[in-house]
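Colleague: One structure, pasted below without further comment.
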Amino acid sequence: MSCYSVAADQRARRPEVEVLSLEENQMSFEVKKTDASMANALRRVIIAEVVTMAIDLVTFEENTSCIDDEIIAHRLGLIPIKYAFKPGKTKLREDVSNDEAAAMSSERDIQRRFRFTRDCDCDGYCDWCACTFKLHVKYDEVIKNVPEHEKNQPYTVTSINLESDDPDVFPVHFVSERERNTSSEPGIAIVKLAKGQEIKLSCIAKLGCGKEHAKWTPVSKCVFRPKPTISWDDNAVRALPPNLRNIIVDVCPAGVLGYEDERDRTSIVVKNEAAILDFTKDIQDLTKQLSPQNKPMFHASASTTDFVFEVESLGGVPVDDCVLCGLNEIKRKLTNLQVAVAEVAAEQA
Amino acid sequence: MNAPERHRSYQLDEGQARMTYEPDQRVASAGTFTINKEDHTVGNLLRMQLLRDGDTRFAGYQLPHPLEHVCHVKVETAPGRAPVEVMGGAVTDLRQEVELLDRGFRDECARAREEADARPMET
């Protein structure tokens, strides 16, 4: 029996989820009553096994820019590609069985529309397993359309110059409205062209996952941390003179600790839960010194069952779909294992 | 170029079984599960869940080599309960847990959306 063992009826955990914030391209949520192994599995799967689309093959016809073909191809690969399902309009795959469809996270799932190229019976690539993009920019032509004061500047070729041949698939120019409003360029910069230069190429975007290459990772950030359990000896803190309370607040970097009420300044609270565990020892040592009974007034420990996730999407897949696809991927793995264990058990018997 | 195909790290080779089981030669009710094309994600998940079972005496996992996409899970159980049985229980429990996580997450996202939609109307 291990130190982790629990009663038979508690072996299957009953986790709970709470969404703390959900924005355009980032979210934060808490999973409770689970285990670090499950939280880590979810993190790993979101980063490495969610299926997305990325440019994988580039054919150059003309490249007189100062950047090598390989570098441009690499930059094109890193541009997030968005697939937007339009109910009723998008033509979905017809070879998806009902079971397969039920196993996917939603109707929006990219695999309802596209196959992996390796699973496709086409020759090379086709509409069902790839999407083609074209890029053709000639400096001498595009410069006619730019304002007079930019005429002697190099022209920046960006993701908006990429033309998709599928109306439901397009490159992501910005992850959020805020980024769009603060950017100095109209999209993701690919290469700069000077007078007389030209670039002409076609790209093929294919399905893949982060395990193959990081360009297929749908998130720029996916982290989790244990939720800290915090307790203060409020009476002891209140009994201290105000200048000593200030010292306690100042023992951590700004913003970690603070007063519950800025005017009252009697009780100290944790303002930044994410950072508090790094400073717990400092606060404890200090409050122990300040305490007349030589007793720390603060206690914080990392929970082993509750975790706070922070996920930030690159724009190709909506942030909540990244997590849903991740959960779905674990589900798929475990279902496969259930079948496999049953087979092994039958063999043994 | 003789580089192996990139998808070989997560897609089963033709005719390859997902899981095989090798009973231990010396210890009764112990054995090694070999899970093909899986990694730490599943290995650690299974190990921690196996250890929750009171009949598990030992559970551990290893990835023998970074270029071999294989995960070994070693289990020793109390006599009377075979490792395959305990493994089956662990996988089923985990499957249930993910189902709950999935449902919880969908509900919570819907709630967060509703709240976000309702907010500008109040002001």
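Labeling convention for the structure tokens: chains A, B, ... as they appear, residues from 1 per chain, ligands from 1 in order of appearance.
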Return the neighbours of chain B among the residues of chain A, cut-off 6 Å, counting only C-alpha atoms, as a list in words.
Modeller: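 Every residue meeting the condition is included here: Met1, Tyr4, Ser5, Val6, Ala12, Arg13, Val17, Val19, Ser37, Ala41, Glu212, Leu334, Ala340 and Val341 of chain A.
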Colleague: Could you pull out the helix (DSSP H, G or I) residues of segment 11-120 of chain B, going by DSSP on the backbone, and write them as a PyMOL selection string?
Modeller: chain B and resi 40-51+83-120
Colleague: So what do you get for atom CA of Tyr125 of chain A versus atom CA of Ile67 of chain A, distance-wise?
Modeller: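 We find that atom CA of Tyr125 of chain A and atom CA of Ile67 of chain A lie 27.6 Å from each other.
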Colleague: To one decimal place, how far is atom CA of Ser97 of chain A from atom CA of Ala342 of chain A in Å?
Modeller: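 We find that atom CA of Ser97 of chain A and atom CA of Ala342 of chain A lie 23.0 Å from each other.
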Colleague: Hey, what does DSSP flag as strand (DSSP E or B) within segment 222-301 of chain A? Can you give it to me as a VMD selection string?
Modeller: chain A and resid 222 to 232 257 to 259 268 to 270 298 to 301
Colleague: Could you please take those selected residues and save N, CA and C atoms as a PDB file, in the first residue's frame?
Modeller:
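Contents of out-v6.pdb, freshly written:
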ATOM      1  N   CYS A 222       0.881  28.364 -21.609  1.00  0.00           N
ATOM      2  CA  CYS A 222      -0.031  27.469 -20.906  1.00  0.00           C
ATOM      3  C   CYS A 222       0.696  27.008 -19.656  1.00  0.00           C
ATOM      4  N   VAL A 223       0.351  27.576 -18.541  1.00  0.00           N
ATOM      5  CA  VAL A 223       1.050  27.248 -17.295  1.00  0.00           C
ATOM      6  C   VAL A 223       0.027  26.961 -16.201  1.00  0.00           C
ATOM      7  N   PHE A 224       0.460  26.201 -15.208  1.00  0.00           N
ATOM      8  CA  PHE A 224      -0.395  26.071 -14.033  1.00  0.00           C
ATOM      9  C   PHE A 224       0.461  26.178 -12.786  1.00  0.00           C
ATOM     10  N   ARG A 225      -0.154  26.616 -11.715  1.00  0.00           N
ATOM     11  CA  ARG A 225       0.545  26.683 -10.434  1.00  0.00           C
ATOM     12  C   ARG A 225      -0.411  26.232  -9.358  1.00  0.00           C
ATOM     13  N   PRO A 226       0.142  25.639  -8.281  1.00  0.00           N
ATOM     14  CA  PRO A 226      -0.763  25.235  -7.210  1.00  0.00           C
ATOM     15  C   PRO A 226      -1.384  26.462  -6.551  1.00  0.00           C
ATOM     16  N   LYS A 227      -2.628  26.341  -6.136  1.00  0.00           N
ATOM     17  CA  LYS A 227      -3.285  27.446  -5.450  1.00  0.00           C
ATOM     18  C   LYS A 227      -2.768  27.476  -4.019  1.00  0.00           C
ATOM     19  N   PRO A 228      -2.300  28.625  -3.545  1.00  0.00           N
ATOM     20  CA  PRO A 228      -1.811  28.666  -2.178  1.00  0.00           C
ATOM     21  C   PRO A 228      -2.956  28.772  -1.159  1.00  0.00           C
ATOM     22  N   THR A 229      -2.785  28.091  -0.021  1.00  0.00           N
ATOM     23  CA  THR A 229      -3.725  28.307   1.077  1.00  0.00           C
ATOM     24  C   THR A 229      -3.037  29.252   2.046  1.00  0.00           C
ATOM     25  N   ILE A 230      -3.691  30.361   2.330  1.00  0.00           N
ATOM     26  CA  ILE A 230      -3.053  31.446   3.073  1.00  0.00           C
ATOM     27  C   ILE A 230      -3.785  31.676   4.382  1.00  0.00           C
ATOM     28  N   SER A 231      -3.026  31.857   5.461  1.00  0.00           N
ATOM     29  CA  SER A 231      -3.696  32.272   6.699  1.00  0.00           C
ATOM     30  C   SER A 231      -2.845  33.303   7.441  1.00  0.00           C
ATOM     31  N   TRP A 232      -3.513  34.305   7.982  1.00  0.00           N
ATOM     32  CA  TRP A 232      -2.851  35.369   8.751  1.00  0.00           C
ATOM     33  C   TRP A 232      -3.316  35.291  10.192  1.00  0.00           C
ATOM     34  N   LEU A 257       2.285  41.900  -1.214  1.00  0.00           N
ATOM     35  CA  LEU A 257       1.450  42.117  -0.034  1.00  0.00           C
ATOM     36  C   LEU A 257       0.871  43.527  -0.088  1.00  0.00           C
ATOM     37  N   GLY A 258      -0.235  43.724   0.602  1.00  0.00           N
ATOM     38  CA  GLY A 258      -0.825  45.059   0.647  1.00  0.00           C
ATOM     39  C   GLY A 258      -1.802  45.135   1.803  1.00  0.00           C
ATOM     40  N   TYR A 259      -2.351  46.336   2.018  1.00  0.00           N
ATOM     41  CA  TYR A 259      -3.335  46.504   3.087  1.00  0.00           C
ATOM     42  C   TYR A 259      -4.722  46.239   2.533  1.00  0.00           C
ATOM     43  N   ILE A 268      -3.160  43.109   6.879  1.00  0.00           N
ATOM     44  CA  ILE A 268      -2.382  42.889   5.655  1.00  0.00           C
ATOM     45  C   ILE A 268      -3.008  41.718   4.895  1.00  0.00           C
ATOM     46  N   VAL A 269      -3.096  41.870   3.580  1.00  0.00           N
ATOM     47  CA  VAL A 269      -3.610  40.775   2.749  1.00  0.00           C
ATOM     48  C   VAL A 269      -2.634  40.500   1.608  1.00  0.00           C
ATOM     49  N   VAL A 270      -2.776  39.304   1.046  1.00  0.00           N
ATOM     50  CA  VAL A 270      -1.950  38.933  -0.103  1.00  0.00           C
ATOM     51  C   VAL A 270      -2.601  39.486  -1.360  1.00  0.00           C
ATOM     52  N   PHE A 298       2.102  34.407   9.808  1.00  0.00           N
ATOM     53  CA  PHE A 298       1.655  34.144   8.443  1.00  0.00           C
ATOM     54  C   PHE A 298       1.937  32.691   8.093  1.00  0.00           C
ATOM     55  N   HIS A 299       1.031  32.113   7.349  1.00  0.00           N
ATOM     56  CA  HIS A 299       1.279  30.760   6.875  1.00  0.00           C
ATOM     57  C   HIS A 299       0.712  30.618   5.472  1.00  0.00           C
ATOM     58  N   ALA A 300       1.511  30.043   4.573  1.00  0.00           N
ATOM     59  CA  ALA A 300       1.011  29.775   3.216  1.00  0.00           C
ATOM     60  C   ALA A 300       1.616  28.471   2.727  1.00  0.00           C
ATOM     61  N   SER A 301       0.786  27.641   2.115  1.00  0.00           N
ATOM     62  CA  SER A 301       1.328  26.394   1.570  1.00  0.00           C
ATOM     63  C   SER A 301       0.644  26.101   0.237  1.00  0.00           C
TER      64      SER A 301
END
Colleague: For a test of reading the model, state the distance in Å between atom CA of Ser21 of chain A and atom CA of Cys322 of chain A, rounded to one decimal.
Modeller: 15.1 Å
